[in-house]
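This is work-v7.txt (compact mmCIF, C-alpha atoms and all ligand atoms).
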# COMPACT_ATOMS: atom_id res chain seq x y z
CA MET A 1 -67.90 67.07 -78.52
CA PRO A 2 -71.04 66.00 -76.56
CA ALA A 3 -72.41 68.63 -74.15
CA ILE A 4 -71.29 68.22 -70.54
CA ARG A 5 -74.04 66.91 -68.32
CA LEU A 6 -74.65 68.21 -64.81
CA THR A 7 -76.20 65.46 -62.68
CA LEU A 8 -77.85 66.41 -59.39
CA PRO A 9 -80.02 64.66 -56.78
CA ALA A 10 -83.57 65.70 -55.83
CA PRO A 11 -84.03 64.37 -52.29
CA ALA A 12 -87.28 63.45 -50.55
CA LYS A 13 -88.50 65.27 -47.44
CA LEU A 14 -90.44 64.19 -44.40
CA ASN A 15 -92.83 66.31 -42.37
CA LEU A 16 -91.84 65.18 -38.88
CA MET A 17 -94.96 66.98 -37.58
CA LEU A 18 -97.61 69.05 -39.33
CA HIS A 19 -100.12 71.26 -37.54
CA ILE A 20 -102.87 73.19 -39.31
CA LEU A 21 -103.62 76.51 -37.63
CA GLY A 22 -106.18 78.02 -39.95
CA ARG A 23 -107.17 78.81 -43.49
CA ARG A 24 -106.51 82.03 -45.42
CA ALA A 25 -109.11 83.79 -47.56
CA ASP A 26 -107.49 82.30 -50.71
CA GLY A 27 -108.07 78.76 -49.38
CA TYR A 28 -104.42 78.06 -48.52
CA HIS A 29 -103.79 76.71 -45.02
CA GLN A 30 -101.56 78.18 -42.34
CA LEU A 31 -99.23 75.46 -41.15
CA GLN A 32 -96.50 74.69 -38.69
CA THR A 33 -94.35 71.86 -39.93
CA LEU A 34 -90.90 70.44 -39.36
CA PHE A 35 -89.04 69.42 -42.53
CA GLN A 36 -86.09 67.08 -42.69
CA PHE A 37 -84.52 65.67 -45.87
CA LEU A 38 -83.80 62.07 -46.72
CA ASP A 39 -80.66 60.79 -48.43
CA TYR A 40 -82.89 59.21 -51.04
CA GLY A 41 -84.52 60.73 -54.09
CA ASP A 42 -84.78 61.34 -57.80
CA GLU A 43 -81.86 62.26 -60.02
CA LEU A 44 -81.82 64.90 -62.75
CA SER A 45 -79.28 65.57 -65.50
CA PHE A 46 -78.98 68.84 -67.38
CA ALA A 47 -77.18 69.74 -70.61
CA LEU A 48 -76.99 73.23 -72.07
CA ARG A 49 -78.90 74.14 -75.24
CA GLU A 50 -77.96 77.27 -77.12
CA ASP A 51 -81.34 77.57 -78.87
CA GLY A 52 -83.37 78.38 -75.72
CA GLY A 53 -85.46 75.16 -75.87
CA ILE A 54 -86.48 73.35 -72.67
CA HIS A 55 -86.79 69.62 -73.34
CA LEU A 56 -87.47 67.01 -70.68
CA HIS A 57 -86.60 63.64 -72.22
CA SER A 58 -88.11 61.41 -69.51
CA GLU A 59 -91.84 60.96 -69.34
CA ILE A 60 -93.89 60.52 -66.18
CA ALA A 61 -97.12 58.62 -66.79
CA GLY A 62 -100.08 60.96 -66.39
CA VAL A 63 -98.01 64.16 -66.33
CA PRO A 64 -97.88 65.99 -69.68
CA HIS A 65 -94.46 67.44 -70.63
CA ASP A 66 -95.48 71.07 -70.18
CA SER A 67 -97.18 70.41 -66.79
CA ASN A 68 -94.16 68.69 -65.31
CA LEU A 69 -92.82 70.81 -62.45
CA ILE A 70 -89.33 70.43 -63.94
CA VAL A 71 -90.36 72.09 -67.21
CA ARG A 72 -92.45 74.70 -65.41
CA ALA A 73 -89.54 75.56 -63.10
CA ALA A 74 -87.11 75.84 -66.03
CA ARG A 75 -89.47 78.09 -68.02
CA GLN A 76 -90.17 80.32 -65.02
CA LEU A 77 -86.47 80.80 -64.37
CA GLN A 78 -85.81 81.48 -68.04
CA GLN A 79 -88.62 84.03 -68.19
CA GLN A 80 -87.81 85.81 -64.95
CA SER A 81 -84.07 85.98 -65.62
CA GLY A 82 -84.38 86.85 -69.30
CA CYS A 83 -81.85 84.10 -70.05
CA GLN A 84 -81.64 83.09 -73.75
CA LEU A 85 -80.17 79.65 -73.02
CA GLY A 86 -82.14 76.40 -72.77
CA ALA A 87 -81.58 72.85 -71.52
CA ASP A 88 -82.03 69.17 -72.23
CA ILE A 89 -83.15 67.47 -69.02
CA TRP A 90 -83.32 63.81 -68.01
CA LEU A 91 -85.11 62.51 -64.90
CA ASN A 92 -84.50 59.26 -63.10
CA LYS A 93 -87.73 59.03 -61.05
CA ARG A 94 -87.44 56.99 -57.86
CA LEU A 95 -89.82 58.82 -55.53
CA PRO A 96 -93.44 57.72 -55.42
CA MET A 97 -95.88 60.41 -56.56
CA GLY A 98 -98.57 61.72 -54.24
CA GLY A 99 -96.70 60.23 -51.30
CA GLY A 100 -96.14 63.37 -49.23
CA ILE A 101 -92.40 63.12 -49.66
CA GLY A 102 -92.22 66.06 -52.02
CA GLY A 103 -90.85 64.50 -55.22
CA GLY A 104 -92.35 67.03 -57.62
CA SER A 105 -91.35 70.01 -55.46
CA SER A 106 -87.84 68.63 -55.05
CA ASP A 107 -87.49 68.08 -58.80
CA ALA A 108 -88.53 71.71 -59.32
CA ALA A 109 -85.98 72.97 -56.76
CA THR A 110 -83.18 70.88 -58.28
CA THR A 111 -84.09 72.33 -61.69
CA LEU A 112 -83.90 75.90 -60.36
CA LEU A 113 -80.52 75.32 -58.69
CA GLY A 114 -79.16 73.21 -61.56
CA LEU A 115 -80.05 75.75 -64.24
CA ASN A 116 -78.86 78.66 -62.07
CA HIS A 117 -75.49 76.85 -62.15
CA LEU A 118 -75.58 75.80 -65.83
CA TRP A 119 -76.73 79.21 -67.09
CA ASP A 120 -74.32 80.96 -64.72
CA LEU A 121 -77.07 83.28 -63.41
CA GLY A 122 -75.55 83.80 -59.97
CA TRP A 123 -78.99 84.10 -58.31
CA ASP A 124 -79.04 83.66 -54.54
CA GLY A 125 -81.25 81.22 -52.62
CA ASN A 126 -83.90 83.81 -51.73
CA ARG A 127 -84.45 84.81 -55.34
CA LEU A 128 -84.66 81.17 -56.48
CA ALA A 129 -86.99 80.32 -53.57
CA ALA A 130 -89.35 83.13 -54.62
CA VAL A 131 -89.59 81.58 -58.10
CA GLY A 132 -90.11 78.18 -56.41
CA LEU A 133 -92.94 79.42 -54.20
CA GLY A 134 -94.89 80.29 -57.35
CA LEU A 135 -94.69 76.60 -58.30
CA GLY A 136 -95.64 75.07 -54.94
CA ALA A 137 -95.60 75.71 -51.20
CA ASP A 138 -92.97 73.01 -50.64
CA VAL A 139 -90.41 74.20 -53.21
CA PRO A 140 -88.63 76.88 -51.07
CA VAL A 141 -87.42 74.45 -48.40
CA PHE A 142 -85.78 72.30 -51.09
CA VAL A 143 -84.19 75.41 -52.64
CA HIS A 144 -82.68 76.47 -49.30
CA GLY A 145 -81.67 72.89 -48.52
CA HIS A 146 -81.65 73.06 -44.73
CA ALA A 147 -83.95 71.21 -42.31
CA ALA A 148 -86.47 73.79 -41.18
CA PHE A 149 -89.48 74.71 -39.11
CA ALA A 150 -91.94 76.12 -41.62
CA GLU A 151 -94.78 78.50 -40.91
CA GLY A 152 -97.17 80.57 -43.04
CA VAL A 153 -98.27 78.38 -45.93
CA GLY A 154 -94.90 76.67 -45.66
CA GLU A 155 -92.70 79.48 -46.95
CA CYS A 156 -91.55 81.10 -43.64
CA LEU A 157 -88.55 78.96 -42.82
CA THR A 158 -86.45 78.80 -39.66
CA PRO A 159 -83.43 76.49 -40.12
CA VAL A 160 -83.10 73.85 -37.39
CA GLU A 161 -80.52 71.30 -36.30
CA LEU A 162 -82.20 67.96 -35.65
CA THR A 163 -80.86 64.53 -34.82
CA GLU A 164 -80.36 62.57 -38.03
CA PRO A 165 -81.87 59.13 -37.46
CA TRP A 166 -82.50 56.41 -40.01
CA PHE A 167 -86.05 56.20 -41.32
CA LEU A 168 -88.15 53.42 -42.72
CA VAL A 169 -90.65 54.92 -45.17
CA ALA A 170 -93.51 52.65 -46.18
CA VAL A 171 -95.28 53.44 -49.44
CA PRO A 172 -98.97 52.43 -49.51
CA GLN A 173 -99.95 51.94 -53.14
CA VAL A 174 -102.13 55.04 -53.38
CA SER A 175 -101.58 58.55 -54.73
CA VAL A 176 -103.01 61.17 -52.40
CA SER A 177 -103.98 64.55 -53.84
CA THR A 178 -102.86 67.35 -51.51
CA ALA A 179 -105.75 69.57 -52.66
CA GLU A 180 -108.28 66.80 -51.85
CA ILE A 181 -107.07 66.48 -48.26
CA PHE A 182 -106.93 70.24 -47.72
CA SER A 183 -110.51 70.59 -48.92
CA ASP A 184 -111.93 67.89 -46.61
CA PRO A 185 -114.51 69.50 -44.26
CA GLU A 186 -113.42 67.19 -41.45
CA LEU A 187 -109.79 68.34 -41.49
CA THR A 188 -108.54 69.80 -38.18
CA ARG A 189 -107.86 73.47 -38.88
CA ASP A 190 -107.70 75.02 -35.42
CA THR A 191 -104.58 73.70 -33.76
CA PRO A 192 -103.10 76.48 -31.59
CA ALA A 193 -99.71 77.81 -32.69
CA ILE A 194 -96.77 76.47 -30.68
CA THR A 195 -93.20 77.66 -30.37
CA LEU A 196 -90.30 76.00 -32.13
CA SER A 197 -88.71 75.10 -28.81
CA ALA A 198 -91.93 73.31 -27.76
CA VAL A 199 -91.86 71.36 -31.03
CA LEU A 200 -88.22 70.39 -30.52
CA GLU A 201 -88.93 69.32 -26.94
CA ARG A 202 -92.25 67.56 -27.31
CA GLY A 203 -92.68 66.87 -31.03
CA GLY A 204 -96.16 67.15 -32.48
CA ARG A 205 -98.56 65.25 -34.68
CA ASN A 206 -99.85 65.30 -38.23
CA ASP A 207 -103.27 66.96 -38.42
CA CYS A 208 -103.92 65.39 -41.84
CA GLN A 209 -103.52 61.83 -40.58
CA SER A 210 -107.07 61.03 -39.47
CA VAL A 211 -108.65 62.36 -42.68
CA VAL A 212 -106.13 60.47 -44.85
CA GLU A 213 -106.65 57.25 -42.84
CA LYS A 214 -110.39 57.55 -43.32
CA ARG A 215 -110.17 58.12 -47.08
CA TYR A 216 -107.38 55.59 -47.74
CA PRO A 217 -107.71 52.23 -45.96
CA GLU A 218 -104.29 51.27 -47.41
CA VAL A 219 -102.73 54.06 -45.33
CA ARG A 220 -104.63 53.03 -42.20
CA ASN A 221 -103.48 49.41 -42.68
CA ALA A 222 -99.86 50.51 -43.13
CA LEU A 223 -100.02 52.53 -39.89
CA ILE A 224 -101.55 49.60 -37.99
CA LEU A 225 -98.97 47.15 -39.33
CA LEU A 226 -95.90 49.29 -38.69
CA ASN A 227 -97.07 50.48 -35.28
CA LYS A 228 -96.43 46.91 -34.08
CA PHE A 229 -92.70 47.56 -34.55
CA VAL A 230 -92.14 51.30 -34.18
CA SER A 231 -94.12 54.48 -33.66
CA VAL A 232 -95.20 55.61 -37.14
CA ARG A 233 -96.74 58.73 -38.60
CA LEU A 234 -97.97 60.14 -41.91
CA THR A 235 -95.75 62.59 -43.81
CA GLY A 236 -97.43 65.65 -45.35
CA THR A 237 -100.80 64.75 -46.80
CA GLY A 238 -99.56 61.19 -47.25
CA GLY A 239 -99.83 58.47 -48.29
CA CYS A 240 -96.28 57.53 -47.09
CA VAL A 241 -95.80 56.71 -43.42
CA PHE A 242 -92.51 56.62 -41.54
CA GLY A 243 -90.82 55.51 -38.35
CA SER A 244 -87.35 56.40 -37.06
CA PHE A 245 -84.50 54.20 -35.85
CA PRO A 246 -81.13 54.86 -34.23
CA ASN A 247 -79.28 52.86 -36.89
CA LYS A 248 -79.69 51.32 -40.35
CA ALA A 249 -79.64 47.72 -39.15
CA GLU A 250 -82.76 48.22 -37.00
CA ALA A 251 -84.59 49.99 -39.82
CA ASP A 252 -83.63 47.22 -42.27
CA LYS A 253 -84.92 44.58 -39.83
CA VAL A 254 -88.41 46.13 -39.79
CA ALA A 255 -88.28 46.80 -43.57
CA ALA A 256 -87.77 43.06 -44.06
CA GLN A 257 -91.15 42.45 -42.34
CA LEU A 258 -93.11 44.53 -44.85
CA PRO A 259 -95.45 42.48 -47.02
CA ALA A 260 -95.07 42.60 -50.82
CA SER A 261 -98.20 44.77 -50.98
CA LEU A 262 -96.47 47.49 -48.94
CA PRO A 263 -93.13 48.49 -50.47
CA GLY A 264 -90.79 50.75 -48.56
CA PHE A 265 -87.27 52.08 -48.34
CA VAL A 266 -84.71 52.88 -45.67
CA ALA A 267 -82.86 56.20 -45.74
CA LYS A 268 -80.92 58.47 -43.42
CA GLY A 269 -82.40 61.79 -42.33
CA SER A 270 -80.25 64.81 -43.14
CA ASN A 271 -80.25 68.46 -42.13
CA ILE A 272 -78.32 69.54 -45.24
CA SER A 273 -79.96 68.18 -48.37
CA MET A 274 -77.84 65.95 -50.57
CA LEU A 275 -78.48 68.41 -53.42
CA HIS A 276 -76.69 71.13 -51.49
CA ARG A 277 -73.87 68.81 -50.47
CA LYS A 278 -73.35 67.98 -54.16
CA LEU A 279 -73.49 71.65 -55.24
CA GLN A 280 -70.95 72.57 -52.54
CA SER A 281 -68.61 69.90 -53.88
CA LEU A 282 -68.83 71.50 -57.37
CA SER A 283 -67.92 75.01 -56.24
C1 LIG B 1 -98.88 69.37 -47.29
C2 LIG B 1 -97.44 69.59 -47.69
C3 LIG B 1 -96.58 69.64 -46.42
O1 LIG B 1 -95.23 69.68 -46.71
O2 LIG B 1 -96.87 68.63 -48.50
P1 LIG B 1 -97.30 67.36 -49.40
O3 LIG B 1 -98.04 66.38 -48.57
O4 LIG B 1 -98.13 67.86 -50.55
O5 LIG B 1 -95.99 66.79 -49.89
C4 LIG B 1 -97.30 70.94 -48.42
O6 LIG B 1 -97.68 72.04 -47.65
C5 LIG B 1 -97.97 71.02 -49.75
O7 LIG B 1 -97.11 71.68 -50.60
P2 LIG B 1 -97.23 71.52 -52.18
O8 LIG B 1 -97.41 70.09 -52.56
O9 LIG B 1 -96.07 72.27 -52.79
O10 LIG B 1 -98.59 72.25 -52.39
P3 LIG B 1 -99.12 73.21 -53.54
O11 LIG B 1 -98.83 72.58 -54.85
O12 LIG B 1 -98.66 74.60 -53.28
O13 LIG B 1 -100.69 73.15 -53.24
C6 LIG B 1 -101.50 72.06 -53.56
C7 LIG B 1 -102.87 72.31 -52.97
O14 LIG B 1 -102.82 72.08 -51.55
C8 LIG B 1 -103.53 73.07 -50.83
N1 LIG B 1 -102.63 73.73 -49.87
C9 LIG B 1 -101.28 73.62 -50.00
C10 LIG B 1 -100.44 74.18 -49.06
C11 LIG B 1 -101.03 74.90 -48.00
N2 LIG B 1 -100.28 75.49 -47.07
N3 LIG B 1 -102.36 75.01 -47.89
C12 LIG B 1 -103.18 74.43 -48.82
O15 LIG B 1 -104.40 74.52 -48.70
C13 LIG B 1 -104.13 74.01 -51.85
O16 LIG B 1 -105.44 73.56 -52.08
C14 LIG B 1 -103.35 73.75 -53.12
O17 LIG B 1 -104.14 73.88 -54.24
N1 LIG B 2 -91.58 66.10 -61.66
C1 LIG B 2 -92.68 65.68 -61.03
N2 LIG B 2 -92.60 64.67 -60.15
C2 LIG B 2 -93.71 64.26 -59.49
N3 LIG B 2 -94.92 64.77 -59.65
C3 LIG B 2 -95.07 65.77 -60.50
C4 LIG B 2 -93.96 66.26 -61.22
N4 LIG B 2 -94.40 67.25 -61.99
C5 LIG B 2 -95.72 67.37 -61.76
N5 LIG B 2 -96.14 66.48 -60.86
C6 LIG B 2 -97.54 66.36 -60.34
O1 LIG B 2 -97.53 66.68 -58.93
C7 LIG B 2 -98.29 65.74 -58.18
C8 LIG B 2 -97.76 65.64 -56.74
O2 LIG B 2 -96.52 65.05 -56.81
P1 LIG B 2 -95.50 64.79 -55.62
O3 LIG B 2 -94.67 65.99 -55.38
O4 LIG B 2 -94.75 63.57 -55.97
O5 LIG B 2 -96.43 64.48 -54.40
P2 LIG B 2 -96.47 65.02 -52.91
O6 LIG B 2 -96.74 66.53 -53.00
O7 LIG B 2 -97.57 64.27 -52.28
O8 LIG B 2 -95.15 64.71 -52.30
C9 LIG B 2 -98.19 64.45 -58.99
O9 LIG B 2 -99.27 63.60 -58.77
C10 LIG B 2 -98.11 64.95 -60.43
O10 LIG B 2 -99.40 65.06 -60.98
Please express what this file holds, its structure, as structure tokens.
Amino acid sequence: MPAIRLTLPAPAKLNLMLHILGRRADGYHQLQTLFQFLDYGDELSFALREDGGIHLHSEIAGVPHDSNLIVRAARQLQQQSGCQLGADIWLNKRLPMGGGIGGGSSDAATTLLGLNHLWDLGWDGNRLAAVGLGLGADVPVFVHGHAAFAEGVGECLTPVELTEPWFLVAVPQVSVSTAEIFSDPELTRDTPAITLSAVLERGGRNDCQSVVEKRYPEVRNALILLNKFVSVRLTGTGGCVFGSFPNKAEADKVAAQLPASLPGFVAKGSNISMLHRKLQSLS
């Protein structure tokens, strides 16, 4: 009998605002950012292996098997839990890489939650998020699966209830390295801390935007183009930019105006990630 496959989504995220407050001695930046998920993402399938092997059967160009965050997450969980089981894993990659929509981090979080289920570990969210933080600052929010105001380096999460608009996400054809943006001397690093209620009332901005615009003319052009239709902003360290709409029809109308050189997608914002909705339906 073929092994049963567990198929789970790995949603994208948006940073609705991102302020940089300072830099720690280890080079990591102190942030304040508001995360919301999109009902759009990658898809992963998992099948149990009795021999302890971790095998990802889908290649991503430029990412060696053992460096893929999916494989790294699986091996970390295996090591830290002492589990003798392994997994075959398949990835259907839809999210652009280096877009600031968290594809790699989300794949890692889906792997942690998927294998926790498949291996019957019974670990809670906090324990899985701690493993995730070792893989990347963005992994914990995907593990917890609730829209959140993040502080610290992104790991101090306060769950929030936000309106769930439709978003148009435009994808300039560039891959932005997060480390490159965070090491730019011109990056704003002294934004004063604000309270969550001030963020919810007045919003905020993305402190990475001007540096990314300067380094990537494709991102600047996308912002200029879309700003004619809707107020747009960079997510994370980019290069994706997004605008929000009260309904899908209005988002689709603007999406139809995008030139062939600037692909994009329309997706609904969600406060509970589609990964967690799927896991709830399994239990
Ligand atoms: C900026 C954000 C906002 O959500 O997202 P992206 O644009 O990458 O999606 C994140 O904080 C990114 O999180 P993530 O992509 O997991 O970052 P990591 O792998 O931990 O770090 C990549 C590099 O970014 C820098 N970095 C990251 C996070 C942080 N708070 N300060 C930093 O200085 C470090 O130089 C690090 O080497
Ligand atoms: N499963 C994965 N999916 C995407 N990127 C991955 C993955 N594993 C490792 N990476 C590496 O992480 C980098 C950042 O990926 P990604 O999370 O998509 O970008 P961002 O942090 O800008 O949202 C990629 O350029 C790639 O080198």
### Message
Using only C-alpha atoms, can you tell me which of A:Arg277, A:His55, A:Arg202, A:Lys214 comes closest to Ile70 in chain A?
### Response
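Comparing A:Arg277, A:His55, A:Arg202, A:Lys214 against Ile70 in chain A, the winner is A:His55.
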Closest-contact table, chain A side, partner ligand LIG 1 (chain B), 7 Å, counting only C-alpha atoms and all ligand atoms, as JSON lines:
{"residue": "A:Asn15", "atom": "CA", "partner": "B:LIG1", "partner_atom": "O1", "distance": 6.0}
{"residue": "A:Gly27", "atom": "CA", "partner": "B:LIG1", "partner_atom": "O15", "distance": 5.6}
{"residue": "A:Tyr28", "atom": "CA", "partner": "B:LIG1", "partner_atom": "O15", "distance": 3.5}
{"residue": "A:His29", "atom": "CA", "partner": "B:LIG1", "partner_atom": "N3", "distance": 3.6}
{"residue": "A:Gln30", "atom": "CA", "partner": "B:LIG1", "partner_atom": "N2", "distance": 5.6}
{"residue": "A:Leu31", "atom": "CA", "partner": "B:LIG1", "partner_atom": "N2", "distance": 6.0}
{"residue": "A:Gly99", "atom": "CA", "partner": "B:LIG1", "partner_atom": "O5", "distance": 6.7}
{"residue": "A:Gly100", "atom": "CA", "partner": "B:LIG1", "partner_atom": "O5", "distance": 3.5}
{"residue": "A:Ile101", "atom": "CA", "partner": "B:LIG1", "partner_atom": "O5", "distance": 5.1}
{"residue": "A:Gly102", "atom": "CA", "partner": "B:LIG1", "partner_atom": "O5", "distance": 4.4}
{"residue": "A:Ser105", "atom": "CA", "partner": "B:LIG1", "partner_atom": "O9", "distance": 5.9}
{"residue": "A:Leu135", "atom": "CA", "partner": "B:LIG1", "partner_atom": "O12", "distance": 6.7}
{"residue": "A:Gly136", "atom": "CA", "partner": "B:LIG1", "partner_atom": "O12", "distance": 3.5}
{"residue": "A:Ala137", "atom": "CA", "partner": "B:LIG1", "partner_atom": "O9", "distance": 3.8}
{"residue": "A:Asp138", "atom": "CA", "partner": "B:LIG1", "partner_atom": "O9", "distance": 3.8}
{"residue": "A:Val139", "atom": "CA", "partner": "B:LIG1", "partner_atom": "O9", "distance": 6.0}
{"residue": "A:Val153", "atom": "CA", "partner": "B:LIG1", "partner_atom": "N2", "distance": 3.7}
{"residue": "A:Gly154", "atom": "CA", "partner": "B:LIG1", "partner_atom": "N2", "distance": 5.7}
{"residue": "A:Thr178", "atom": "CA", "partner": "B:LIG1", "partner_atom": "O14", "distance": 4.7}
{"residue": "A:Ala179", "atom": "CA", "partner": "B:LIG1", "partner_atom": "C7", "distance": 4.0}
{"residue": "A:Phe182", "atom": "CA", "partner": "B:LIG1", "partner_atom": "O15", "distance": 5.1}
{"residue": "A:Ser183", "atom": "CA", "partner": "B:LIG1", "partner_atom": "O16", "distance": 6.7}
{"residue": "A:Thr235", "atom": "CA", "partner": "B:LIG1", "partner_atom": "O3", "distance": 6.5}
{"residue": "A:Gly236", "atom": "CA", "partner": "B:LIG1", "partner_atom": "O3", "distance": 3.4}
{"residue": "A:Thr237", "atom": "CA", "partner": "B:LIG1", "partner_atom": "O3", "distance": 3.7}
{"residue": "A:Gly238", "atom": "CA", "partner": "B:LIG1", "partner_atom": "O3", "distance": 5.6}
Please produce an output containing C-alpha atoms for each residue in the selection, written as a short mmCIF file (atom, residue, chain, number, x, y, z; two decimals), keeping the file's coordinate frame.
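Contents of part_28.cif, freshly written:
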data_model
loop_
_atom_site.label_atom_id
_atom_site.label_comp_id
_atom_site.auth_asym_id
_atom_site.auth_seq_id
_atom_site.Cartn_x
_atom_site.Cartn_y
_atom_site.Cartn_z
CA ASN A 15 -92.83 66.31 -42.37
CA GLY A 27 -108.07 78.76 -49.38
CA TYR A 28 -104.42 78.06 -48.52
CA HIS A 29 -103.79 76.71 -45.02
CA GLN A 30 -101.56 78.18 -42.34
CA LEU A 31 -99.23 75.46 -41.15
CA GLY A 99 -96.70 60.23 -51.30
CA GLY A 100 -96.14 63.37 -49.23
CA ILE A 101 -92.40 63.12 -49.66
CA GLY A 102 -92.22 66.06 -52.02
CA SER A 105 -91.35 70.01 -55.46
CA LEU A 135 -94.69 76.60 -58.30
CA GLY A 136 -95.64 75.07 -54.94
CA ALA A 137 -95.60 75.71 -51.20
CA ASP A 138 -92.97 73.01 -50.64
CA VAL A 139 -90.41 74.20 -53.21
CA VAL A 153 -98.27 78.38 -45.93
CA GLY A 154 -94.90 76.67 -45.66
CA THR A 178 -102.86 67.35 -51.51
CA ALA A 179 -105.75 69.57 -52.66
CA PHE A 182 -106.93 70.24 -47.72
CA SER A 183 -110.51 70.59 -48.92
CA THR A 235 -95.75 62.59 -43.81
CA GLY A 236 -97.43 65.65 -45.35
CA THR A 237 -100.80 64.75 -46.80
CA GLY A 238 -99.56 61.19 -47.25
#
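Candidate residues A:Arg205, A:Arg72, A:His144, A:Arg49 were compared for distance to ligand LIG 2 (chain B), and the nearest is A:Arg72, using all atoms listed in the file.
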| message | When you count all atoms listed in the file, which of these residues is closest to Gly204 in chain A: A:Ala147, A:Leu168, A:Ile4, A:Met17? | response |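 Of A:Ala147, A:Leu168, A:Ile4, A:Met17, the one nearest Gly204 in chain A, counting all atoms listed in the file, is A:Met17.
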Determine the axis-aligned bounding box of all atoms of ligand LIG 2 (chain B) present in the file, pad each side by 5 Å, and express its centre and edge lengths in Å to one decimal place as JSON.
{"center_x": -95.5, "center_y": 65.5, "center_z": -57.1, "size_x": 17.8, "size_y": 13.8, "size_z": 19.7}
Among A:Ala260, A:Ala148, A:Ala73, A:Val160, Gly134 in chain A is approached most closely, using only C-alpha atoms, by A:Ala73
Exercise. Using all atoms listed in the file, which of A:Arg23, A:His65, A:Lys13, A:Arg215 sits nearest Tyr40 in chain A?
Worked result: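 With all atoms listed in the file as the atom set, the closest residue is A:Lys13.
Taking all atoms listed in the file into account, Asp120 in chain A lies nearest to A:Leu85 out of the set A:Leu133, A:Leu95, A:Leu85, A:Leu44.
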Quiz prompt | Local residues around (-97.3, 49.9, -44.5), at most 9 Å away, using only C-alpha atoms, as a list in words | solution =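 Nearby residues: Val169, Ala170, Val171, Pro172, Glu218, Val219, Arg220, Asn221, Ala222, Leu223, Ile224, Leu225, Leu226, Cys240, Val241, Phe242, Leu258, Pro259, Ser261, Leu262, Pro263 and Gly264 of chain A.
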Exercise for review: Figure out the distance between CA of Leu275 in chain A and CA of Ala150 in chain A, please, to one decimal in Å.
Suggested key: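 About the pair CA of Ala150 in chain A and CA of Leu275 in chain A: they are 19.5 Å apart.
Put simply, CA of Thr188 in chain A is 14.8 Å away from CA of Leu234 in chain A.
In this model, the gap between CA of Leu18 in chain A and CA of Glu161 in chain A comes to 17.5 Å.
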task = Take the point (-82.7, 73.5, -56.3) as written in the file and pick out every residue within 10 Å of it, counting all atoms listed in the file; give the list as a PyMOL selection string.
result = chain A and resi 8-10+73+105-117+125+128-129+132+139-145+273+275-276+279
